[in-house]
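Okay, so here's the structure we're looking at.
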Amino acid sequence: MQLQNRIAHISVFTAATVSLFVIESLIPRPVPGIRLGLANIFILLVLLNYGYKEALLVGILKSVIGSIVIGRLFTPSFLLSISGTIVSVTIMGIAVRYGRGLSLMGISILGAESHTITQVLIISVLFLGKASLSFLLPPFVLLSLITGSITGISAYWLYTKLERKVEIA
Amino acid sequence: MQSNNRYRPLKIGDFVIILIFLSALFFIPRVEGKKVRVIVDKEKEFIYPLNEDRILKIEGKIGIIMIEIKDGRVRVIESTCPLKICMKMGWIKNKGEQIVCVPNRILICIEGEQFDAITE
């Protein structure tokens, strides 16, 4: 693929990722910190179609631009967002490369889990103290299994649609 | 389409991943607490051992709050606050867990041994 094409494609995916991230932050939720992680759908697609470096770039841009839009740049939640993203994209990249027995669902679950576990670790170490790990981890690990499955299945659905579009074009 | 099949959901690996995380839930260590510390309005502090059953009556900002310590667990059984969130939180027993009553400015937290603060 030509460099210009590549840049254009990555930009479109970045825009889509940031949009989902911002829209998702507008939805009221019962407990702070619980998100579906819809933006992860597009990061997964970038990972499959372009590669790890591009996915990492989109992920970091998502955190930075998204945080600017919702006004949380350089706050604790930005730190959590960007560190969670970097770890989860890396784990998903490894899973795509070496996880032959994994579908998009498994890869997405790995991403969601690594994202939340990273955040819980940071919250515990920086703000709440180590003892909080024992009661923070179980609910978040359980929730990530569910949200990871949902985003993984959505990503697969979108992946097949996109592939068909590319073939026609 | 070859690549489609590769990523189709519900492959064996997915179930392995789900099982690993579900079983990991049981291995997350839970440290049972040793003492309960009650802090009133950041000024007064009371510390009680968890292994002695008792009922505490503590005066908060807007009224009296009744705290029960039984079988190594703690809960709020009576409070004068409007929403009764502290009562709905139920029993706590593990280190690091807390019950908060905001209207009464009362914080109940479970702690471990004295030297935990240093080793951690």
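Chain labels follow the order of the structure tokens: the first chain is A, the next B, and so on; residue numbering restarts at 1 in every chain, and ligands are counted from 1 in their shown order.
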Check which residues of chain B sit at most 9 Å from chain A using only C-alpha atoms, and return one row each with the closest pair of atoms and their distance in Å to one decimal, ordered by chain and rising number, as a tab-separated table.
```
residue	atom	partner	partner_atom	distance
B:Asn4	CA	A:Thr160	CA	6.6
B:Asn5	CA	A:Ser103	CA	8.6
B:Arg6	CA	A:Ser103	CA	6.4
B:Tyr7	CA	A:Ser103	CA	4.1
B:Arg8	CA	A:Ser103	CA	5.5
B:Pro9	CA	A:Ser103	CA	5.1
B:Leu10	CA	A:Ser103	CA	6.7
B:Lys11	CA	A:Ser103	CA	5.8
B:Ile12	CA	A:Gly101	CA	6.3
B:Gly13	CA	A:Leu102	CA	4.6
B:Asp14	CA	A:Gly106	CA	4.3
B:Phe15	CA	A:Gly106	CA	7.8
B:Val16	CA	A:Gly106	CA	8.7
B:Ile17	CA	A:Gly106	CA	6.6
B:Ile18	CA	A:Leu145	CA	7.0
B:Phe21	CA	A:Val141	CA	7.3
B:Leu22	CA	A:Leu142	CA	7.4
B:Ala24	CA	A:Pro138	CA	8.9
B:Leu25	CA	A:Pro138	CA	5.8
B:Phe26	CA	A:Pro138	CA	8.6
B:Ile28	CA	A:Ser134	CA	6.3
B:Pro29	CA	A:Ser134	CA	6.2
B:Arg30	CA	A:Ser134	CA	5.6
B:Val31	CA	A:Ser134	CA	7.7
B:Asn94	CA	A:Phe135	CA	8.2
B:Lys95	CA	A:Ala131	CA	6.3
B:Gly96	CA	A:Ala131	CA	5.1
B:Glu97	CA	A:Ser132	CA	7.3
B:Glu120	CA	A:Lys130	CA	7.6
```
Write out as a VMD selection string the residues lying within 9 Å of stretch 33-40 of chain B, counting only C-alpha atoms and excluding same-chain residues fewer than 5 positions away.
chain B and resid 45 to 51 58 to 61 69 72 to 74 93 to 97 104 to 113
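Taking atom CA of A:Lys62 and atom CA of A:Val18 as the two end points, the separation is 5.0 Å.
For the choices A:Thr118, A:Thr90, A:Gln4, A:Thr147, the atom-to-atom distance to A:Gly51 is smallest for A:Thr90 when using only C-alpha atoms.
For the pair atom CA of A:Ala95 and atom CA of A:Gly111, the separation is 9.1 Å.
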Could you pull the residues within 9 Å of B:Arg54, counting only C-alpha atoms, minus those fewer than 2 positions along the same chain, as a PDB file with C-alpha atoms, in the first residue's frame?
```
ATOM      1  CA  GLU B  52     -14.277  -9.484  69.973  1.00  0.00           C
ATOM      2  CA  LEU B  56     -20.619   0.367  69.230  1.00  0.00           C
ATOM      3  CA  ILE B  67     -21.875  -0.454  64.460  1.00  0.00           C
ATOM      4  CA  GLU B  68     -21.856  -4.192  65.057  1.00  0.00           C
ATOM      5  CA  ILE B  69     -18.675  -6.271  65.230  1.00  0.00           C
ATOM      6  CA  LYS B  70     -19.422  -9.981  65.056  1.00  0.00           C
TER       7      LYS B  70
END
```
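Taking atom CA of A:Ile7 as the reference point, atom CA of A:Phe78 is found at 25.4 Å.
Counting only C-alpha atoms, A:Gly33 has the following residues at most 12 Å away, ignoring those fewer than 3 positions along the same chain: Glu24, Ser25, Pro28, Arg29, Pro30, Leu36, Gly37, Pro76, Ser77, Phe78, Leu80, Ser81, His115, Thr116, Gln119, Val120, Ile123, Leu136, Pro139, Phe140, Leu143 and Ser144 of chain A.
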